[in-house]
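Working notes, beginning with the structure itself.
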There are 2 protein chains.
Amino acid sequence: MGEAGTRTPRERYRAQVQEEVKQHAWAQIATAGASALSLNAIAKQMGMSGPALYRYFANRDELITELVKDAYRSLADTFAARAEAGTDLDGLAHALRGWALDDPQRYFLVYGTPVPGYQAPEDTTRTAGEIMAHLLDACAAEEPPAGHPSAEEPPAASRPLDGHLDDYRAWAGEHPAPPSALRRALAFWTRLHGVLSLELAGHFTGMGFDPAELYADEVRALAGRWA
Amino acid sequence: MGEAGTRTPRERYRAQVQEEVKQHAWAQIATAGASALSLNAIAKQMGMSGPALYRYFANRDELITELVKDAYRSLADTFAARAEAGTDLDGLAHALRGWALDDPQRYFLVYGTPVPGYQAPEDTTRTAGEIMAHLLDACAAEEPPAGHPSAEEPPAASRPLDGHLDDYRAWAGEHPAPPSALRRALAFWTRLHGVLSLELAGHFTGMGFDPAELYADEVRALAGRWA
DNA sequence: CGTGTTCGTTAGAAGTTATAACTCTTCAAA
DNA sequence: TTTGAAGAGTTATAACTTCTAACGAACACG
């Protein structure tokens with residue numbers, strides 16, 4: 001095998017410790033949120049004293065940034081794996097919800113409340129492009145039934161956004177998809193995020209309906225087919 | 001006027017100080033996020049020393065909770081004011097976006113990343129019901145054009161969620177609205193939140209389209225009319 | 001005009017991030 | 001194999017934070 005892994009035993013050990021730190025960090029975030037993440041507590045859990053962790057992460061923000069990057073990568077990988085088994089919007093939607101429910105705080109680390117000053121590293125924007133590319137692939141492959149009376153796609157001339165999307169196709173790295181696919185991908189993203197984030201934040205609790213059904217409804221509407 | 005205001009001068013002063021504290025808190029949150037809110041810094045800004053603020057708020061969480069309650073109330077009032085001028089979904093959507101853009105961090109305090117342990121106070125759930133009631137009013141009043149070919153409402157029999165909504169109408173305090181209105185209100189909420197939260201979080205930056213257009217498109221789709 | 005509630009203070013405990021300086025291990029090259 | 005440099009982990013410390021406790025001073029009210 002190509003030695004893509006770590007070379008020297010030092011780097012090997014270093015990567016291993018970093019991974020363990022991140023593991024504990026995820027556990028903390030899952031139970032108390034990202035704002036409550038404590039380097040000191042992690043160090044104590046690992047049996048070493050506070051400042052030792054600064055050998056591995058420059059500061060708290062760098063650790064969190066690394067977690068954000070991992071979260072993005074995790075979603076991209078999930079989409080990639082699902083795309084292997086055929087590019088369908090349904091599958092992508094299902095994969096997205098599964099990924100989100102698997103660790104809500106990980107979802108919020110990507111799509112949740114932003115810190116005003118914080119600028120996402122170049123790395124994540126590239127991964128975000130990957131994610132969007134999978135989505136665009138699926139949208140381009142699955143053209144909705146055109147003449148269906150209950151299809152939700154409006155007549156082409158009446159969508160003001162399409163012109164914009166056509167002009168600025170910098171979108172997702174010059175992905176070769178028609179404007180309609182861009183529009184649908186955007187709707188997929190925003191609508192499913194809308195349902196998902198409200199569900200994960202607990203805004204549906206006590207309302208007496210199944211969020212999964214609402215999610216499925218939105219997926220059906222996006223696919224242009226109603227049951 | 002009914003003396004709904006504070007009675008004694010002590011209570012008057014107390015309320016005034018509390019209001020000033022919240023003012024500074026909002027300023028801090030707007031520039032650095034809620035997690036960076038510092039009671040000490042607020043006290044210093046107000047010219048008094050740290051622990052003085054504990055006369056007015058039991059702890060940091062209580063201050064934040066108060067801000068959350070105020071944010072909910074602010075949105076409910078915004079909706080109420082807009083409803084005075086006629087109950088239309090378009091107006092409500094516009095009011096929502098204006099309210100959100102006016103102070104993004106206030107929006108995220110309501111609809112952003114939740115703290116795992118945190119339980120919203122009874123007060124906010126009631127205000128949330130108020131907000132939903134305005135939405136339901138508008139949805140019930142504005143029945144979409146039925147036979148329109150590009151209407152997005154699917155045939156009644158094929159919407160699995162409606163049954164649920166009909167069973168559990170605990171939703172929004174027994175609001176007298178038909179299931180279709182409930183369904184539309186839910187879509188209004190989730191879809192506009194989807195676009196809005198992604199916009200406010202900066203996920204559209206660099207994509208080269210106008211979020212306002214995307215938002216308007218979603219509003220049009222919800223109203224069942226395409227330009 | 002007392003008198004008691006309330007406000008603001010300082011002191012301090014316990015926690016956090018982060019830096020500096022020092023020791024000890026470990027690795028690698030001569 | 002020996003030796004020396006790089007890296008890991010340690011303590012000490014500074015500068016924060018939230019929050020409690022005890023004290024003094026101001027103020028409203030009977």
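Residues in the structure tokens are named by chain (A, B, ... in the order shown) and by number from 1 within that chain; ligands are numbered from 1 in the order shown.
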Could you give me, as an mmCIF file with C-alpha atoms, in the first residue's frame, the residues within 8 Å of Ala43 of chain A, counting only C-alpha atoms (C1' of nucleotides) and dropping anything in the same chain fewer than 4 positions from it?
```cif
data_model
loop_
_atom_site.group_PDB
_atom_site.id
_atom_site.type_symbol
_atom_site.label_atom_id
_atom_site.label_comp_id
_atom_site.auth_asym_id
_atom_site.auth_seq_id
_atom_site.Cartn_x
_atom_site.Cartn_y
_atom_site.Cartn_z
ATOM 1 C CA VAL A 21 -8.761 14.568 21.752
ATOM 2 C CA LEU A 39 -9.786 21.772 26.767
ATOM 3 C CA GLY A 47 -5.107 11.616 32.112
ATOM 4 C CA MET A 48 -2.882 14.553 31.320
ATOM 5 C CA SER A 49 -2.728 18.051 32.615
ATOM 6 C CA GLY A 50 -4.210 21.046 30.848
ATOM 7 C CA ALA A 52 -0.375 19.431 27.304
ATOM 8 C CA LEU A 53 -3.122 19.725 24.692
#
```
message: So that I can see what lies close to segment 72-87 of chain B, please list as an MDAnalysis selection string the residues with an atom at most 12 Å from it, counting only C-alpha atoms (C1' of nucleotides) and leaving out residues fewer than 4 positions away in the same chain.
response: chainID B and resid 65:68 91:100 102:103 106:111 120:121 123:142
Rotated and translated chain B onto chain A by C-alpha atoms, as a tab-separated table (two decimals) with C-alpha atoms, in the first residue's frame:
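Writing done, so here's superposed_24.tsv:
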```tsv
chain	number	residue	atom	x	y	z
B	1	MET	CA	-0.73	0.47	-0.39
B	2	GLY	CA	0.63	3.97	-0.87
B	3	GLU	CA	2.02	5.26	2.36
B	4	ALA	CA	-0.58	7.95	2.74
B	5	GLY	CA	-0.59	7.31	6.48
B	6	THR	CA	1.81	8.85	8.93
B	7	ARG	CA	5.47	8.15	8.46
B	8	THR	CA	7.51	8.51	11.60
B	9	PRO	CA	6.32	6.95	14.88
B	10	ARG	CA	6.18	10.43	16.36
B	11	GLU	CA	3.71	11.57	13.71
B	12	ARG	CA	1.83	8.35	14.16
B	13	TYR	CA	1.48	8.94	17.88
B	14	ARG	CA	0.66	12.59	17.33
B	15	ALA	CA	-2.18	11.80	14.98
B	16	GLN	CA	-3.48	9.21	17.39
B	17	VAL	CA	-3.57	11.66	20.29
B	18	GLN	CA	-5.22	14.30	18.14
B	19	GLU	CA	-7.87	11.79	17.20
B	20	GLU	CA	-8.48	10.90	20.82
B	21	VAL	CA	-8.80	14.56	21.75
B	22	LYS	CA	-11.38	15.06	19.00
B	23	GLN	CA	-13.24	11.98	20.20
B	24	HIS	CA	-13.62	13.43	23.68
B	25	ALA	CA	-14.48	16.80	22.19
B	26	TRP	CA	-17.35	15.29	20.20
B	27	ALA	CA	-18.64	13.61	23.32
B	28	GLN	CA	-18.59	16.90	25.22
B	29	ILE	CA	-20.27	18.76	22.39
B	30	ALA	CA	-22.99	16.14	22.11
B	31	THR	CA	-23.90	16.49	25.75
B	32	ALA	CA	-23.36	20.19	26.42
B	33	GLY	CA	-22.96	21.98	23.10
B	34	ALA	CA	-19.93	23.42	21.39
B	35	SER	CA	-19.81	26.51	23.58
B	36	ALA	CA	-19.23	24.35	26.65
B	37	LEU	CA	-16.24	22.54	25.19
B	38	SER	CA	-13.39	22.61	27.67
B	39	LEU	CA	-9.80	21.78	26.78
B	40	ASN	CA	-9.01	21.32	30.45
B	41	ALA	CA	-11.76	18.77	30.89
B	42	ILE	CA	-10.59	16.85	27.83
B	43	ALA	CA	-7.03	16.76	29.13
B	44	LYS	CA	-8.24	15.53	32.49
B	45	GLN	CA	-10.27	12.79	30.81
B	46	MET	CA	-7.18	11.72	28.92
B	47	GLY	CA	-5.12	11.60	32.07
B	48	MET	CA	-2.89	14.53	31.28
B	49	SER	CA	-2.72	18.04	32.57
B	50	GLY	CA	-4.25	21.04	30.83
B	51	PRO	CA	-1.54	22.72	28.78
B	52	ALA	CA	-0.40	19.43	27.24
B	53	LEU	CA	-3.15	19.72	24.65
B	54	TYR	CA	-1.61	22.89	23.28
B	55	ARG	CA	1.06	20.69	21.72
B	56	TYR	CA	-1.69	19.31	19.49
B	57	PHE	CA	-3.99	22.27	18.96
B	58	ALA	CA	-2.90	25.88	19.00
B	59	ASN	CA	-6.02	26.92	20.88
B	60	ARG	CA	-9.66	26.14	21.49
B	61	ASP	CA	-10.78	27.70	18.24
B	62	GLU	CA	-8.40	25.58	16.20
B	63	LEU	CA	-9.79	22.41	17.77
B	64	ILE	CA	-13.33	23.51	16.99
B	65	THR	CA	-12.32	24.45	13.47
B	66	GLU	CA	-10.89	20.97	13.05
B	67	LEU	CA	-14.15	19.48	14.27
B	68	VAL	CA	-16.07	21.62	11.80
B	69	LYS	CA	-13.82	20.44	8.99
B	70	ASP	CA	-14.34	16.83	10.03
B	71	ALA	CA	-18.08	17.38	10.15
B	72	TYR	CA	-18.11	18.77	6.61
B	73	ARG	CA	-15.99	15.89	5.43
B	74	SER	CA	-18.25	13.41	7.17
B	75	LEU	CA	-21.27	14.79	5.33
B	76	ALA	CA	-19.44	14.84	2.01
B	77	ASP	CA	-18.37	11.22	2.52
B	78	THR	CA	-21.91	10.23	3.45
B	79	PHE	CA	-23.20	11.82	0.26
B	80	ALA	CA	-20.42	10.23	-1.78
B	81	ALA	CA	-21.18	6.80	-0.38
B	82	ARG	CA	-24.87	7.22	-1.14
B	83	ALA	CA	-24.08	8.46	-4.64
B	84	GLU	CA	-22.15	5.24	-5.29
B	85	ALA	CA	-25.41	3.34	-4.95
B	86	GLY	CA	-27.10	5.42	-7.64
B	87	THR	CA	-27.71	9.14	-7.77
B	88	ASP	CA	-31.23	9.69	-6.57
B	89	LEU	CA	-32.56	12.65	-4.65
B	90	ASP	CA	-34.55	10.39	-2.40
B	91	GLY	CA	-31.45	8.54	-1.30
B	92	LEU	CA	-29.53	11.75	-0.75
B	93	ALA	CA	-32.34	13.18	1.34
B	94	HIS	CA	-32.50	10.03	3.41
B	95	ALA	CA	-28.75	10.04	3.86
B	96	LEU	CA	-28.83	13.66	4.94
B	97	ARG	CA	-31.47	13.06	7.59
B	98	GLY	CA	-29.70	9.99	8.87
B	99	TRP	CA	-26.45	11.91	9.13
B	100	ALA	CA	-28.15	14.76	10.95
B	101	LEU	CA	-30.02	12.56	13.44
B	102	ASP	CA	-26.88	10.55	14.06
B	103	ASP	CA	-25.34	13.55	15.80
B	104	PRO	CA	-27.45	16.71	15.92
B	105	GLN	CA	-24.70	18.86	17.34
B	106	ARG	CA	-22.47	17.85	14.45
B	107	TYR	CA	-25.18	19.07	12.10
B	108	PHE	CA	-25.36	22.36	13.98
B	109	LEU	CA	-21.62	22.72	13.85
B	110	VAL	CA	-22.04	22.93	10.09
B	111	TYR	CA	-25.40	24.61	9.66
B	112	GLY	CA	-26.11	26.14	13.05
B	113	THR	CA	-25.68	29.56	14.59
B	114	PRO	CA	-22.55	31.23	13.21
B	115	VAL	CA	-20.11	33.16	15.36
B	116	PRO	CA	-20.18	36.74	13.98
B	117	GLY	CA	-16.46	37.13	13.53
B	118	TYR	CA	-15.64	33.59	12.45
B	119	GLN	CA	-14.52	32.96	8.89
B	120	ALA	CA	-14.76	29.39	7.63
B	121	PRO	CA	-11.42	28.03	6.41
B	122	GLU	CA	-10.85	27.54	2.72
B	123	ASP	CA	-10.94	23.81	3.30
B	124	THR	CA	-14.57	23.71	4.31
B	125	THR	CA	-15.77	25.77	1.36
B	126	ARG	CA	-14.17	23.23	-0.94
B	127	THR	CA	-15.86	20.38	0.89
B	128	ALA	CA	-19.13	22.30	0.76
B	129	GLY	CA	-18.64	22.43	-3.00
B	130	GLU	CA	-18.23	18.65	-3.04
B	131	ILE	CA	-21.47	18.23	-1.15
B	132	MET	CA	-23.26	20.57	-3.53
B	133	ALA	CA	-21.81	18.71	-6.51
B	134	HIS	CA	-23.40	15.46	-5.39
B	135	LEU	CA	-26.67	17.27	-4.99
B	136	LEU	CA	-26.39	18.85	-8.43
B	137	ASP	CA	-25.58	15.48	-9.97
B	138	ALA	CA	-28.75	14.03	-8.57
B	139	CYS	CA	-30.83	17.02	-9.59
B	140	ALA	CA	-29.46	16.98	-13.13
B	141	ALA	CA	-30.02	13.24	-13.48
B	142	GLU	CA	-33.54	13.27	-12.12
B	143	GLU	CA	-35.58	15.57	-14.29
B	144	PRO	CA	-39.05	15.87	-12.79
B	145	PRO	CA	-42.12	14.66	-14.73
B	146	ALA	CA	-42.78	17.68	-16.91
B	147	GLY	CA	-46.47	17.89	-17.63
B	148	HIS	CA	-47.70	16.52	-14.32
B	149	PRO	CA	-50.49	18.73	-13.01
B	150	SER	CA	-49.23	18.62	-9.45
B	151	ALA	CA	-45.60	19.14	-10.33
B	152	GLU	CA	-44.32	22.01	-8.33
B	153	GLU	CA	-41.93	23.41	-10.88
B	154	PRO	CA	-43.30	26.73	-12.13
B	155	PRO	CA	-43.21	27.77	-15.78
B	156	ALA	CA	-39.67	28.62	-16.77
B	157	ALA	CA	-40.29	32.21	-17.73
B	158	SER	CA	-41.68	33.15	-14.35
B	159	ARG	CA	-38.73	32.25	-12.19
B	160	PRO	CA	-36.70	35.37	-11.59
B	161	LEU	CA	-33.91	33.52	-9.83
B	162	ASP	CA	-32.98	31.44	-12.84
B	163	GLY	CA	-31.52	34.42	-14.62
B	164	HIS	CA	-29.26	35.07	-11.69
B	165	LEU	CA	-28.16	31.49	-11.44
B	166	ASP	CA	-27.43	31.49	-15.16
B	167	ASP	CA	-25.31	34.61	-14.94
B	168	TYR	CA	-23.30	33.62	-11.94
B	169	ARG	CA	-22.65	29.95	-12.37
B	170	ALA	CA	-19.58	30.17	-10.19
B	171	TRP	CA	-21.88	28.03	-8.08
B	172	ALA	CA	-20.43	24.67	-7.18
B	173	GLY	CA	-17.37	25.03	-9.36
B	174	GLU	CA	-18.82	25.32	-12.84
B	175	HIS	CA	-20.87	22.22	-12.46
B	176	PRO	CA	-22.44	21.28	-15.83
B	177	ALA	CA	-26.08	21.39	-14.80
B	178	PRO	CA	-29.00	23.26	-16.35
B	179	PRO	CA	-30.44	26.22	-14.44
B	180	SER	CA	-33.48	24.18	-13.49
B	181	ALA	CA	-31.23	21.67	-11.75
B	182	LEU	CA	-29.45	24.46	-9.91
B	183	ARG	CA	-32.78	25.81	-8.79
B	184	ARG	CA	-33.94	22.42	-7.61
B	185	ALA	CA	-30.73	21.73	-5.77
B	186	LEU	CA	-31.07	25.03	-3.98
B	187	ALA	CA	-34.64	24.22	-2.97
B	188	PHE	CA	-33.55	20.77	-1.84
B	189	TRP	CA	-30.92	22.30	0.35
B	190	THR	CA	-32.97	25.08	1.90
B	191	ARG	CA	-36.20	23.17	2.43
B	192	LEU	CA	-34.67	20.06	3.93
B	193	HIS	CA	-32.46	22.19	6.11
B	194	GLY	CA	-35.56	24.07	7.21
B	195	VAL	CA	-37.37	20.96	8.37
B	196	LEU	CA	-34.28	19.27	9.73
B	197	SER	CA	-32.90	22.15	11.74
B	198	LEU	CA	-36.25	22.92	13.34
B	199	GLU	CA	-36.70	19.26	14.18
B	200	LEU	CA	-33.22	18.91	15.66
B	201	ALA	CA	-33.67	22.10	17.65
B	202	GLY	CA	-36.80	20.63	19.17
B	203	HIS	CA	-39.23	23.17	17.75
B	204	PHE	CA	-41.65	20.43	16.75
B	205	THR	CA	-41.83	18.73	20.13
B	206	GLY	CA	-45.31	18.70	21.52
B	207	MET	CA	-46.88	19.53	18.19
B	208	GLY	CA	-48.03	15.99	17.77
B	209	PHE	CA	-46.88	15.12	14.28
B	210	ASP	CA	-44.02	13.02	13.01
B	211	PRO	CA	-41.16	15.15	11.66
B	212	ALA	CA	-40.16	12.23	9.45
B	213	GLU	CA	-43.46	12.52	7.61
B	214	LEU	CA	-43.04	16.24	7.12
B	215	TYR	CA	-39.53	15.61	5.84
B	216	ALA	CA	-40.76	12.91	3.48
B	217	ASP	CA	-43.46	15.26	2.20
B	218	GLU	CA	-40.89	17.90	1.36
B	219	VAL	CA	-38.74	15.32	-0.39
B	220	ARG	CA	-41.72	14.20	-2.45
B	221	ALA	CA	-42.55	17.79	-3.36
B	222	LEU	CA	-38.96	18.34	-4.47
B	223	ALA	CA	-38.99	15.22	-6.59
B	224	GLY	CA	-42.11	16.51	-8.27
B	225	ARG	CA	-44.11	13.40	-7.54
B	226	TRP	CA	-46.82	13.03	-4.96
B	227	ALA	CA	-46.86	9.42	-3.78
```
Give me the chain D side of the contact with chain A, cut-off 8 Å, one line per residue showing its nearest atom pair and distance in Å at one decimal, counting only C-alpha atoms (C1' of nucleotides), sorted by chain and residue number, as CSV.
```
residue,atom,partner,partner_atom,distance
D:DA8,C1',A:Arg55,CA,7.8
D:DG9,C1',A:Ala52,CA,6.0
D:DT10,C1',A:Ser49,CA,7.8
```
Using only C-alpha atoms (C1' of nucleotides), find each residue in chain C having at least one atom no more than 9 Å away from chain B; report its shortest atom-to-atom pair and that distance in Å (one decimal), rows by chain then rising number, as a Markdown table.
```
| residue | atom | partner | partner_atom | distance |
| --- | --- | --- | --- | --- |
| C:DT6 | C1' | B:Arg10 | CA | 8.4 |
| C:DC7 | C1' | B:Arg55 | CA | 7.8 |
| C:DG8 | C1' | B:Ala52 | CA | 6.0 |
| C:DT9 | C1' | B:Ser49 | CA | 7.8 |
```
Requested write-out: N, CA and C atoms (P, O5', C5', C4', C3', O3' and C1' of nucleotides) of the selected residues, as a PDB file, in the first residue's frame:
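result_27.pdb, freshly written:
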```pdb
ATOM      1  P    DT C   6     -36.368  43.844  49.478  1.00  0.00           P
ATOM      2  O5'  DT C   6     -35.315  44.727  48.678  1.00  0.00           O
ATOM      3  C5'  DT C   6     -35.621  46.090  48.410  1.00  0.00           C
ATOM      4  C4'  DT C   6     -34.385  46.816  47.944  1.00  0.00           C
ATOM      5  C3'  DT C   6     -33.482  46.023  46.988  1.00  0.00           C
ATOM      6  O3'  DT C   6     -33.156  46.847  45.883  1.00  0.00           O
ATOM      7  C1'  DT C   6     -32.203  46.981  48.691  1.00  0.00           C
ATOM      8  P    DC C   7     -32.525  46.268  44.550  1.00  0.00           P
ATOM      9  O5'  DC C   7     -31.165  47.099  44.416  1.00  0.00           O
ATOM     10  C5'  DC C   7     -31.197  48.517  44.540  1.00  0.00           C
ATOM     11  C4'  DC C   7     -29.806  49.027  44.841  1.00  0.00           C
ATOM     12  C3'  DC C   7     -28.725  48.477  43.917  1.00  0.00           C
ATOM     13  O3'  DC C   7     -28.000  49.541  43.316  1.00  0.00           O
ATOM     14  C1'  DC C   7     -28.090  48.252  46.187  1.00  0.00           C
ATOM     15  P    DG C   8     -27.182  49.283  41.977  1.00  0.00           P
ATOM     16  O5'  DG C   8     -25.697  49.196  42.515  1.00  0.00           O
ATOM     17  C5'  DG C   8     -25.089  50.356  43.045  1.00  0.00           C
ATOM     18  C4'  DG C   8     -23.880  49.951  43.831  1.00  0.00           C
ATOM     19  C3'  DG C   8     -22.872  49.109  43.049  1.00  0.00           C
ATOM     20  O3'  DG C   8     -21.723  49.881  42.736  1.00  0.00           O
ATOM     21  C1'  DG C   8     -23.246  48.266  45.261  1.00  0.00           C
ATOM     22  P    DT C   9     -20.441  49.143  42.099  1.00  0.00           P
ATOM     23  O5'  DT C   9     -19.506  48.807  43.341  1.00  0.00           O
ATOM     24  C5'  DT C   9     -19.281  49.818  44.342  1.00  0.00           C
ATOM     25  C4'  DT C   9     -18.635  49.199  45.571  1.00  0.00           C
ATOM     26  C3'  DT C   9     -17.493  48.251  45.268  1.00  0.00           C
ATOM     27  O3'  DT C   9     -16.268  48.969  45.276  1.00  0.00           O
ATOM     28  C1'  DT C   9     -18.958  47.360  46.970  1.00  0.00           C
TER      29       DT C   9
END
```
message: as a PyMOL selection string, please: the residues near DG4 of chain D (cut-off 12 Å, only C-alpha atoms (C1' of nucleotides), same-chain neighbours under 3 positions excluded).
response: chain C and resi 26-30
For the selection you just gave me, I'd like the residues written to a file as a PDB file, in the first residue's frame, keeping C-alpha atoms (C1' of nucleotides).
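Listed below is the output, result-v7.pdb:
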```pdb
ATOM      1  C1'  DT C  26      12.535   9.491  22.470  1.00  0.00           C
ATOM      2  C1'  DC C  27      14.217   9.417  18.137  1.00  0.00           C
ATOM      3  C1'  DA C  28      17.797   9.710  14.689  1.00  0.00           C
ATOM      4  C1'  DA C  29      22.061  10.672  12.903  1.00  0.00           C
ATOM      5  C1'  DA C  30      27.116  10.398  13.401  1.00  0.00           C
TER       6       DA C  30
END
```
- request: Could you check how far atom C1' of DA5 of chain D sits from atom C1' of DC24 of chain C, in Å to one decimal?
  value: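 So the answer is 13.5 Å.
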